[in-house]
$ cat input_8.cif   # mmCIF, C-alpha atoms
data_my_file
#
loop_
_atom_site.label_atom_id
_atom_site.label_comp_id
_atom_site.auth_asym_id
_atom_site.auth_seq_id
_atom_site.Cartn_x
_atom_site.Cartn_y
_atom_site.Cartn_z
CA MET A 46 -5.06 -5.56 -34.82
CA SER A 47 -6.26 -2.83 -37.19
CA SER A 48 -9.83 -2.51 -35.86
CA TYR A 49 -8.51 -1.98 -32.34
CA LYS A 50 -5.99 0.55 -33.55
CA GLU A 51 -8.64 2.35 -35.60
CA TYR A 52 -10.98 2.44 -32.64
CA SER A 53 -8.21 3.78 -30.47
CA GLU A 54 -7.44 6.50 -33.02
CA LYS A 55 -11.13 7.34 -33.36
CA LEU A 56 -11.50 7.76 -29.62
CA THR A 57 -8.49 10.04 -29.44
CA HIS A 58 -9.77 12.07 -32.36
CA CYS A 59 -13.19 12.31 -30.70
CA VAL A 60 -11.54 13.84 -27.66
CA TYR A 61 -9.64 16.23 -29.89
CA THR A 62 -12.86 17.26 -31.69
CA MET A 63 -14.76 17.74 -28.46
CA MET A 64 -12.00 20.04 -27.29
CA GLN A 65 -12.52 22.43 -30.21
CA PRO A 66 -14.16 25.78 -29.40
CA THR A 67 -16.74 25.36 -32.20
CA ILE A 68 -18.47 22.60 -30.29
CA ASN A 69 -21.44 23.93 -28.35
CA VAL A 70 -21.07 22.52 -24.90
CA GLU A 71 -22.99 25.20 -23.01
CA ASP A 72 -25.57 22.74 -21.81
CA VAL A 73 -22.99 20.17 -20.83
CA ASP A 74 -21.63 20.10 -17.32
CA THR A 75 -17.95 20.91 -17.78
CA LEU A 76 -16.66 18.51 -15.14
CA SER A 77 -18.81 15.65 -16.41
CA LEU A 78 -17.65 16.31 -19.94
CA GLU A 79 -14.02 16.41 -18.85
CA LYS A 80 -14.46 13.21 -16.89
CA SER A 81 -15.90 11.57 -20.01
CA LEU A 82 -12.93 12.77 -22.03
CA ILE A 83 -10.51 11.34 -19.48
CA ASN A 84 -12.39 8.05 -19.61
CA ARG A 85 -12.25 7.96 -23.42
CA LEU A 86 -8.55 8.83 -23.42
CA TYR A 87 -7.87 5.94 -21.08
CA TYR A 88 -9.76 3.55 -23.35
CA ALA A 89 -8.00 4.93 -26.40
CA LEU A 90 -4.76 3.86 -24.79
CA TYR A 91 -6.17 0.55 -23.54
CA ASN A 92 -7.29 -0.39 -27.05
CA ARG A 93 -4.05 0.79 -28.61
CA ILE A 94 -2.06 -1.50 -26.34
CA ILE A 95 -4.41 -4.44 -26.74
CA ALA A 96 -4.12 -4.02 -30.51
CA GLU A 97 -0.68 -5.61 -30.20
CA LEU A 98 -1.72 -8.30 -27.74
CA PRO A 99 -3.85 -10.78 -29.74
CA ASP A 100 -4.01 -13.25 -26.84
CA LEU A 101 -5.73 -10.64 -24.69
CA GLN A 102 -8.14 -9.63 -27.47
CA SER A 103 -9.73 -13.06 -27.47
CA SER A 104 -9.29 -13.68 -23.74
CA THR A 105 -12.35 -13.77 -21.48
CA THR A 106 -10.28 -13.03 -18.39
CA ALA A 107 -11.83 -10.69 -15.87
CA ASN A 108 -9.10 -8.13 -15.41
CA LYS A 109 -7.44 -7.31 -18.70
CA HIS A 110 -6.31 -3.95 -17.30
CA MET A 111 -4.12 -5.63 -14.71
CA GLN A 112 -2.81 -8.10 -17.28
CA ILE A 113 -1.85 -5.27 -19.62
CA ASN A 114 0.04 -3.62 -16.79
CA GLN A 115 1.89 -6.84 -15.98
CA ILE A 116 2.86 -7.38 -19.62
CA LEU A 117 4.12 -3.81 -19.86
CA LEU A 118 6.01 -4.08 -16.57
CA LYS A 119 7.82 -7.22 -17.72
CA GLN A 120 9.21 -5.30 -20.69
CA SER A 121 9.67 -1.96 -18.99
CA SER A 122 13.47 -2.12 -19.09
CA LYS A 123 12.97 -0.65 -22.54
CA ARG A 124 12.36 3.08 -22.00
CA SER A 125 9.70 3.34 -24.74
CA ILE A 126 7.65 0.59 -23.08
CA GLU A 127 8.21 2.03 -19.62
CA GLN A 128 6.67 5.26 -20.94
CA VAL A 129 3.62 3.34 -22.17
CA GLN A 130 3.31 1.56 -18.82
CA GLN A 131 3.53 4.81 -16.88
CA VAL A 132 1.04 6.70 -19.05
CA PHE A 133 -1.31 3.69 -18.94
CA ASN A 134 -1.19 3.63 -15.14
CA ASP A 135 -1.49 7.39 -14.78
CA MET A 136 -4.52 7.47 -17.07
CA LYS A 137 -5.98 4.54 -15.12
CA THR A 138 -5.60 6.53 -11.88
CA LEU A 139 -7.29 9.55 -13.48
CA ARG A 140 -10.05 7.41 -14.99
CA GLU A 141 -10.73 5.80 -11.62
CA TRP A 142 -11.01 9.26 -10.14
CA ALA A 143 -13.29 10.38 -12.99
CA ASP A 144 -15.58 7.36 -12.86
CA TYR A 145 -15.64 6.28 -9.25
CA LYS A 146 -14.50 9.01 -6.88
CA PRO A 147 -16.87 11.96 -6.96
CA ASN A 148 -15.83 13.02 -3.45
CA ASP A 149 -12.09 13.14 -4.02
CA SER A 150 -10.37 16.42 -4.79
CA ILE A 151 -10.28 17.32 -8.48
CA PRO A 152 -6.92 16.74 -10.20
CA PRO A 153 -5.57 19.94 -11.81
CA TYR A 154 -5.25 18.33 -15.25
CA ASN A 155 -4.70 20.11 -18.52
CA LEU A 156 -6.65 18.12 -21.13
CA SER A 157 -4.36 19.22 -23.95
CA ILE A 158 -1.38 17.72 -22.17
CA LEU A 159 -3.27 14.48 -21.47
CA GLN A 160 -4.47 14.25 -25.05
CA ASN A 161 -0.97 14.90 -26.40
CA LYS A 162 0.52 12.33 -24.09
CA VAL A 163 -1.96 9.62 -25.04
CA TYR A 164 -1.84 10.48 -28.73
CA SER A 165 1.96 10.31 -28.76
CA ILE A 166 1.57 6.64 -27.84
CA VAL A 167 -1.53 5.85 -29.91
CA LYS A 168 0.14 7.06 -33.12
CA ARG A 169 3.27 4.94 -32.67
CA GLU A 170 3.74 2.37 -35.44
CA LYS A 171 4.67 -0.33 -32.95
CA LEU A 172 4.66 -0.40 -29.17
CA PHE A 173 6.48 -3.68 -28.50
CA MET B 40 -25.21 15.62 32.35
CA GLY B 41 -25.85 15.24 28.64
CA ILE B 42 -23.77 15.55 25.53
CA LYS B 43 -25.03 18.40 23.39
CA ASN B 44 -26.49 17.58 20.03
CA PHE B 45 -23.97 18.81 17.48
CA SER B 46 -25.53 17.31 14.39
CA MET B 47 -26.87 20.64 13.13
CA SER B 48 -23.75 22.68 13.77
CA LEU B 49 -21.44 20.01 12.41
CA ALA B 50 -23.59 19.45 9.33
CA LEU B 51 -23.13 23.10 8.48
CA VAL B 52 -19.40 22.59 8.57
CA ALA B 53 -19.67 20.75 5.25
CA THR B 54 -19.71 24.13 3.56
CA LEU B 55 -17.40 25.87 6.03
CA SER B 56 -13.72 26.06 6.73
CA LEU B 57 -11.01 24.08 8.42
CA GLN B 58 -11.19 26.52 11.35
CA ALA B 59 -14.93 25.86 11.77
CA LEU B 60 -14.36 22.11 11.70
CA ALA B 61 -11.51 22.43 14.22
CA ASP B 62 -13.69 24.52 16.58
CA ASN B 63 -16.63 22.14 16.41
CA THR B 64 -14.41 19.10 16.82
CA SER B 65 -12.82 20.67 19.86
CA THR B 66 -16.24 21.34 21.45
CA TYR B 67 -17.27 17.78 20.65
CA ILE B 68 -14.11 16.45 22.33
CA GLN B 69 -14.70 18.60 25.45
CA GLU B 70 -18.27 17.29 25.79
CA GLU B 71 -17.15 13.69 25.47
CA GLN B 72 -14.36 14.28 27.99
CA LYS B 73 -16.95 15.56 30.48
CA ALA B 74 -19.07 12.44 29.87
CA ILE B 75 -16.06 10.19 30.39
CA SER B 76 -15.06 11.96 33.66
CA SER B 77 -18.60 11.63 34.90
CA ALA B 78 -18.66 7.92 34.01
CA LYS B 79 -15.31 7.46 35.80
CA GLN B 80 -16.72 8.99 39.01
CA HIS B 81 -19.70 6.64 38.92
CA LEU B 82 -17.40 3.73 38.25
CA ILE B 83 -15.42 4.44 41.43
CA SER B 84 -18.53 3.72 43.49
CA ALA B 85 -19.65 1.11 40.93
CA THR B 86 -23.17 1.42 42.22
CA LYS B 87 -24.90 3.76 39.81
CA ASN B 88 -25.12 1.44 36.83
CA THR B 89 -28.09 3.30 35.42
CA GLU B 90 -26.06 6.50 35.19
CA ILE B 91 -23.25 4.67 33.40
CA ALA B 92 -25.75 3.07 31.01
CA ILE B 93 -27.07 6.52 30.12
CA ILE B 94 -23.54 7.80 29.52
CA PHE B 95 -22.81 4.79 27.28
CA LYS B 96 -25.88 5.59 25.20
CA GLU B 97 -24.88 9.25 24.96
CA LEU B 98 -21.35 8.32 23.89
CA GLN B 99 -22.85 6.06 21.21
CA VAL B 100 -25.06 8.82 19.81
CA SER B 101 -22.19 11.28 20.02
CA SER B 102 -19.91 8.86 18.13
CA GLU B 103 -22.50 8.38 15.40
CA GLN B 104 -22.87 12.13 14.94
CA PHE B 105 -19.11 12.50 14.98
CA ASN B 106 -18.76 9.85 12.29
CA ASP B 107 -21.34 11.54 10.07
CA ASN B 108 -20.12 15.09 10.55
CA VAL B 109 -16.38 14.91 11.14
CA ILE B 110 -14.91 11.60 9.97
CA ARG B 111 -16.86 11.39 6.71
CA PHE B 112 -16.23 15.05 6.05
CA LEU B 113 -12.50 14.69 6.70
CA ASN B 114 -12.49 11.72 4.33
CA SER B 115 -13.35 13.98 1.42
CA LYS B 116 -11.55 17.12 2.59
CA ILE B 117 -8.36 15.97 4.28
CA THR B 118 -6.05 16.80 1.37
CA ASP B 119 -7.64 20.22 0.88
CA PHE B 120 -7.23 21.01 4.57
CA ALA B 121 -3.66 19.72 4.79
CA LYS B 122 -2.86 21.74 1.67
CA GLU B 123 -4.46 24.87 3.12
CA ASP B 124 -2.79 24.67 6.55
CA SER B 125 -0.83 21.55 7.40
CA GLU B 126 0.00 22.80 10.92
CA LYS B 127 -3.63 23.41 11.88
CA THR B 128 -4.70 20.13 10.28
CA GLY B 129 -1.92 18.34 12.16
CA MET B 130 -3.11 19.89 15.43
CA LEU B 131 -6.70 18.83 14.71
CA LEU B 132 -5.60 15.27 13.99
CA ALA B 133 -3.36 15.15 17.07
CA ASN B 134 -6.32 16.23 19.24
CA LEU B 135 -8.54 13.62 17.65
CA ALA B 136 -5.88 10.93 18.08
CA LEU B 137 -5.29 11.81 21.72
CA HIS B 138 -8.98 11.91 22.52
CA ASN B 139 -9.72 8.64 20.77
CA ASP B 140 -6.79 7.02 22.55
CA ASN B 141 -8.14 8.19 25.91
CA LYS B 142 -11.53 6.72 25.06
CA ILE B 143 -9.94 3.37 24.23
CA LYS B 144 -8.08 3.44 27.58
CA PHE B 145 -11.31 4.36 29.37
CA TYR B 146 -13.15 1.42 27.80
CA LYS B 147 -10.31 -0.88 28.90
CA GLU B 148 -10.74 0.35 32.50
CA ILE B 149 -14.46 -0.32 32.32
CA ARG B 150 -13.84 -3.79 30.95
CA LYS B 151 -11.75 -4.62 34.06
CA ILE B 152 -14.52 -3.35 36.33
CA ILE B 153 -17.17 -5.27 34.42
CA LYS B 154 -15.34 -8.49 35.22
CA LYS B 155 -15.68 -7.76 38.93
CA ASN B 156 -19.21 -6.35 38.96
CA LYS B 157 -22.63 -7.40 37.88
CA PHE B 158 -23.23 -5.25 34.87
CA SER B 159 -26.23 -5.98 32.68
CA LYS B 160 -25.92 -7.77 29.34
CA GLU B 161 -27.11 -4.61 27.59
CA MET B 162 -24.31 -2.57 29.15
CA LYS B 163 -21.73 -5.14 28.12
CA ALA B 164 -23.10 -5.05 24.56
CA ASP B 165 -22.99 -1.24 24.60
CA LEU B 166 -19.37 -1.35 25.70
CA VAL B 167 -18.44 -3.78 22.91
CA LEU B 168 -20.06 -1.42 20.41
CA LEU B 169 -18.25 1.63 21.83
CA GLU B 170 -14.91 -0.20 21.69
CA HIS B 171 -15.60 -1.21 18.10
CA ILE B 172 -16.47 2.38 17.09
CA SER B 173 -13.31 3.75 18.70
CA LYS B 174 -11.14 1.17 16.94
CA GLU B 175 -12.72 2.08 13.62
CA PHE B 176 -12.08 5.77 14.37
CA GLN B 177 -8.47 4.91 15.21
CA LYS B 178 -8.03 3.40 11.73
CA GLU B 179 -9.63 6.42 10.08
CA ILE B 180 -7.58 8.95 12.08
CA GLN B 181 -4.41 6.97 11.33
CA LYS B 182 -5.26 7.19 7.62
CA PHE B 183 -5.77 10.96 7.91
CA ILE B 184 -2.40 11.30 9.65
CA ASP B 185 -0.71 9.26 6.91
CA ILE B 186 -2.38 11.31 4.16
CA SER B 187 -1.29 14.54 5.87
CA TYR B 188 2.36 13.48 5.77
CA MET B 189 1.96 12.54 2.11
CA GLU B 190 0.46 15.98 1.47
CA ILE B 191 3.32 17.76 3.25
CA GLU B 192 5.84 15.92 1.09
CA ALA B 193 3.86 16.67 -2.08
CA LYS B 194 3.65 20.35 -1.22
CA ASN B 195 7.37 20.60 -0.45
CA HIS B 196 8.36 18.80 -3.63
CA PHE B 197 6.02 20.95 -5.68
CA LYS B 198 7.48 24.15 -4.22
CA ALA B 199 11.04 22.94 -4.79
CA LEU B 200 10.42 21.81 -8.38
CA LYS B 201 8.68 25.08 -9.14
CA ALA B 202 11.65 27.05 -7.79
CA LEU B 203 14.24 24.89 -9.56
CA HIS B 204 12.47 24.79 -12.93
CA ASN B 205 11.08 28.20 -13.70
CA GLU B 206 11.15 27.32 -17.40
CA TYR B 207 7.81 25.57 -16.77
CA GLN B 208 4.54 27.19 -15.73
CA PHE B 209 3.43 24.97 -12.89
CA ASN B 210 -0.22 25.20 -11.88
CA ASP B 211 -0.75 22.74 -9.10
CA TYR B 212 -0.09 19.19 -7.91
CA TRP B 213 -2.25 16.18 -7.13
CA TYR B 214 -2.04 12.53 -6.10
CA SER B 215 -4.62 9.84 -5.50
CA ILE B 216 -5.29 9.49 -1.77
CA SER B 217 -6.21 5.84 -2.41
CA ASP B 218 -2.49 5.30 -3.07
CA VAL B 219 -1.48 6.27 0.46
CA TYR B 220 -0.52 2.67 1.37
CA ASN B 221 0.95 1.81 -2.01
CA GLU B 222 4.56 1.79 -3.04
CA ASN B 223 5.60 3.94 -6.00
CA ILE B 224 3.09 6.75 -5.65
CA VAL B 225 2.91 9.20 -8.54
CA LEU B 226 3.02 12.95 -7.94
CA PHE B 227 0.90 14.50 -10.68
CA LEU B 228 2.00 17.99 -11.73
CA SER B 229 -0.13 20.23 -13.82
CA LEU B 230 1.49 22.63 -16.25
CA GLU B 231 -0.02 25.55 -18.11
CA ASN B 232 1.49 24.44 -21.39
CA ILE B 233 4.64 22.77 -22.50
CA LYS B 234 6.69 23.31 -25.63
CA GLU B 235 9.29 20.59 -25.23
CA ASP B 236 8.65 16.84 -25.42
CA ILE B 237 6.54 15.83 -22.39
CA PHE B 238 8.56 12.71 -21.69
CA ASP B 239 11.86 14.62 -21.79
CA ALA B 240 10.44 17.15 -19.32
CA GLU B 241 9.26 14.33 -17.06
CA ASP B 242 12.71 12.70 -17.17
CA LYS B 243 14.27 16.00 -16.13
CA LEU B 244 11.82 16.52 -13.26
CA ASN B 245 12.16 12.91 -12.14
CA LYS B 246 15.92 13.29 -11.73
CA GLU B 247 15.21 16.29 -9.52
CA LEU B 248 12.61 14.35 -7.56
CA LEU B 249 15.16 11.63 -6.77
CA SER B 250 17.54 14.25 -5.34
CA LEU B 251 14.73 15.74 -3.26
CA GLN B 252 13.80 12.30 -1.92
CA SER B 253 17.37 11.59 -0.96
CA LEU B 254 17.57 15.01 0.75
CA LYS B 255 14.42 14.22 2.72
CA LYS B 256 15.86 10.88 3.82
CA ASP B 257 18.99 12.61 5.11
CA MET B 258 17.05 15.35 6.87
CA THR B 259 14.54 13.11 8.61
CA LYS B 260 16.67 10.11 9.56
CA ASP B 261 17.39 11.40 13.10
CA ILE B 262 13.95 12.86 13.83
CA GLU B 263 12.31 11.29 16.84
CA LEU B 264 8.79 10.27 15.94
CA PRO B 265 5.96 11.44 18.21
CA ASN B 266 4.09 8.88 20.24
CA ILE B 267 0.33 8.96 20.82
CA GLY B 268 -0.98 5.61 22.03
CA GLY B 269 -1.84 3.23 19.23
CA PHE B 270 -0.98 5.67 16.45
CA ASP B 271 2.13 5.54 14.36
CA PHE B 272 3.87 8.45 12.68
CA ASP B 273 6.26 6.47 10.48
CA LYS B 274 5.06 8.25 7.37
CA MET B 275 6.74 11.45 8.61
CA ASN B 276 10.11 9.94 7.64
CA LYS B 277 8.90 8.01 4.63
CA THR B 278 9.50 9.13 1.08
CA HIS B 279 6.21 8.65 -0.72
CA PHE B 280 6.64 9.67 -4.34
CA SER B 281 8.62 7.60 -6.79
CA ARG B 282 8.06 9.72 -9.88
CA VAL B 283 6.23 12.71 -11.29
CA SER B 284 3.75 12.72 -14.12
CA LEU B 285 2.78 15.81 -16.10
CA ILE B 286 -0.95 16.13 -16.58
#

$ encode --input "input_8.cif" --output "structure tokens"
Amino acid sequence: MSSYKEYSEKLTHCVYTMMQPTINVEDVDTLSLEKSLINRLYYALYNRIIAELPDLQSSTTANKHMQINQILLKQSSKRSIEQVQQVFNDMKTLREWADYKPNDSIPPYNLSILQNKVYSIVKREKLF
Amino acid sequence: MGIKNFSMSLALVATLSLQALADNTSTYIQEEQKAISSAKQHLISATKNTEIAIIFKELQVSSEQFNDNVIRFLNSKITDFAKEDSEKTGMLLANLALHNDNKIKFYKEIRKIIKKNKFSKEMKADLVLLEHISKEFQKEIQKFIDISYMEIEAKNHFKALKALHNEYQFNDYWYSISDVYNENIVLFLSLENIKEDIFDAEDKLNKELLSLQSLKKDMTKDIELPNIGGFDFDKMNKTHFSRVSLI
């Protein structure tokens, strides 16, 4: 569990660092950079959740994303898990936009809010 | 006769406005209507097959240009246009729907005549292709209509939530158009900054959203839905969004 959790925390911290004004990103396309950050935030969350699902860690199944969602949905009567399920799905929607839909309109996201939202889940001691 | 080549003018539209797209689409529709009327006149005598074959070819080329310059363009811009002016976008889509429906009816008429007359194999194949293209357009236009209704609801909810919760600095709203046929669509709301717990704020806004959805259901239950051929307007009365998410 710990390596997944560490990785998840590292990814979230990477996003936080990249957001600092001291980073020179003049040569980086802003939208591409933001899309990368959204992607990393999604995977931070993905790995944080999978950290508590050992069966999925070793599974070779094709669509772990869908399986995570199903597991979360089954337990979503608990508000704290419903929050995780909703943030996971919302970040998935944003990641799909970032990675696969260059022609769709750009969501008016605020990266600080997204980072805070994901980090509030990543830092939890236990999700389930 | 001859349908004008619009590929240049429509290609330019990619960088232009909704008004420019509406104007060009309207000219395109007029030209196709002329071609269809001309084909109908030749069909009455059913002797000038060559003329009809030429019109079929022109309608094919026109449809291809239309697909490249209007349908594909609308695919990436429909939400922006509906957001900018939902009435004008609605009018554009209604014109497209009506025109496409007339084309489908026209092809049905020709099909009946083909059964009675000796049309060439090539002409029959051309007709099958034209029918196929129109059916594909029908699906695309239907999707645009459905997205427009989703956009109208999103805009109204956004305005209402902004008015009811001036403690937040709302920037804008967004949703994934790929979700148009899904249940439980999320309305993403962007805020300038937020001091309170994000999940508490979402809970508060979600309660409001439920009231707005119930209000919409009450207000739209007796509305008679418009009827244009094979198109359905059910989404006008539908409530799309099941929750909000702050992003």

$ resolve_selection --input "input_8.cif" --expression "the PyMOL selection byres ((chain B) within 6 of (chain A))" --output "list of chain:residue names"
B:Ser115, B:Trp213, B:Ser229, B:Ile286

$ resolve_selection --input "input_8.cif" --expression "the PyMOL selection byres ((chain A and resi 126) around 12)" --output "number ranges by chain"
A: 94, 113-125, 127-133, 166, 169, 171-173

$ atom_distance --input "input_8.cif" --atom1 "atom CA of B:Ala199" --atom2 "atom CA of B:Asp239"
18.9 Å

$ atom_distance --input "input_8.cif" --atom1 "atom CA of B:Glu222" --atom2 "atom CA of B:His279"
7.4 Å

$ residues_near_point --input "input_8.cif" --point "(-16.2, 3.3, 25.3)" --cutoff "12 Å" --atoms "all atoms listed in the file" --output "ChimeraX atom specification"
/B:71-72,74-75,78-79,91-92,94-102,138-150,162-174,176

$ write_last_selection --input "input_8.cif" --atoms "C-alpha atoms" --output "PDB file, keeping the file's coordinate frame"
ATOM      1  CA  GLU B  71     -17.150  13.690  25.470  1.00  0.00           C
ATOM      2  CA  GLN B  72     -14.360  14.280  27.990  1.00  0.00           C
ATOM      3  CA  ALA B  74     -19.070  12.440  29.870  1.00  0.00           C
ATOM      4  CA  ILE B  75     -16.060  10.190  30.390  1.00  0.00           C
ATOM      5  CA  ALA B  78     -18.660   7.920  34.010  1.00  0.00           C
ATOM      6  CA  LYS B  79     -15.310   7.460  35.800  1.00  0.00           C
ATOM      7  CA  ILE B  91     -23.250   4.670  33.400  1.00  0.00           C
ATOM      8  CA  ALA B  92     -25.750   3.070  31.010  1.00  0.00           C
ATOM      9  CA  ILE B  94     -23.540   7.800  29.520  1.00  0.00           C
ATOM     10  CA  PHE B  95     -22.810   4.790  27.280  1.00  0.00           C
ATOM     11  CA  LYS B  96     -25.880   5.590  25.200  1.00  0.00           C
ATOM     12  CA  GLU B  97     -24.880   9.250  24.960  1.00  0.00           C
ATOM     13  CA  LEU B  98     -21.350   8.320  23.890  1.00  0.00           C
ATOM     14  CA  GLN B  99     -22.850   6.060  21.210  1.00  0.00           C
ATOM     15  CA  VAL B 100     -25.060   8.820  19.810  1.00  0.00           C
ATOM     16  CA  SER B 101     -22.190  11.280  20.020  1.00  0.00           C
ATOM     17  CA  SER B 102     -19.910   8.860  18.130  1.00  0.00           C
ATOM     18  CA  HIS B 138      -8.980  11.910  22.520  1.00  0.00           C
ATOM     19  CA  ASN B 139      -9.720   8.640  20.770  1.00  0.00           C
ATOM     20  CA  ASP B 140      -6.790   7.020  22.550  1.00  0.00           C
ATOM     21  CA  ASN B 141      -8.140   8.190  25.910  1.00  0.00           C
ATOM     22  CA  LYS B 142     -11.530   6.720  25.060  1.00  0.00           C
ATOM     23  CA  ILE B 143      -9.940   3.370  24.230  1.00  0.00           C
ATOM     24  CA  LYS B 144      -8.080   3.440  27.580  1.00  0.00           C
ATOM     25  CA  PHE B 145     -11.310   4.360  29.370  1.00  0.00           C
ATOM     26  CA  TYR B 146     -13.150   1.420  27.800  1.00  0.00           C
ATOM     27  CA  LYS B 147     -10.310  -0.880  28.900  1.00  0.00           C
ATOM     28  CA  GLU B 148     -10.740   0.350  32.500  1.00  0.00           C
ATOM     29  CA  ILE B 149     -14.460  -0.320  32.320  1.00  0.00           C
ATOM     30  CA  ARG B 150     -13.840  -3.790  30.950  1.00  0.00           C
ATOM     31  CA  MET B 162     -24.310  -2.570  29.150  1.00  0.00           C
ATOM     32  CA  LYS B 163     -21.730  -5.140  28.120  1.00  0.00           C
ATOM     33  CA  ALA B 164     -23.100  -5.050  24.560  1.00  0.00           C
ATOM     34  CA  ASP B 165     -22.990  -1.240  24.600  1.00  0.00           C
ATOM     35  CA  LEU B 166     -19.370  -1.350  25.700  1.00  0.00           C
ATOM     36  CA  VAL B 167     -18.440  -3.780  22.910  1.00  0.00           C
ATOM     37  CA  LEU B 168     -20.060  -1.420  20.410  1.00  0.00           C
ATOM     38  CA  LEU B 169     -18.250   1.630  21.830  1.00  0.00           C
ATOM     39  CA  GLU B 170     -14.910  -0.200  21.690  1.00  0.00           C
ATOM     40  CA  HIS B 171     -15.600  -1.210  18.100  1.00  0.00           C
ATOM     41  CA  ILE B 172     -16.470   2.380  17.090  1.00  0.00           C
ATOM     42  CA  SER B 173     -13.310   3.750  18.700  1.00  0.00           C
ATOM     43  CA  LYS B 174     -11.140   1.170  16.940  1.00  0.00           C
ATOM     44  CA  PHE B 176     -12.080   5.770  14.370  1.00  0.00           C
TER      45      PHE B 176
END

$ resolve_selection --input "input_8.cif" --expression "the PyMOL selection byres ((chain B and resi 249-256) around 9)" --output "list in words"
Glu192, His196, Ala199, Leu244, Asn245, Lys246, Glu247, Leu248, Asp257, Met258, Thr259, Lys260, Asn276, Lys277, Thr278, His279, Phe280, Ser281 and Arg282 of chain B

$ atom_distance --input "input_8.cif" --atom1 "atom CA of B:Ile237" --atom2 "atom CA of B:Ala202"
19.1 Å

$ axis_aligned_box --input "input_8.cif" --around "stretch 121-130 of chain A" --padding-each-side "3 Å" --output "AutoDock Vina command-line options"
--center_x 8.4 --center_y 1.6 --center_z -21.8 --size_x 16.2 --size_y 13.4 --size_z 11.9

$ closest_residue --input "input_8.cif" --among "A:Asp74, A:Gln112, A:Glu79, A:Tyr145" --to "B:Ser217" --atoms "all atoms listed in the file"
A:Tyr145
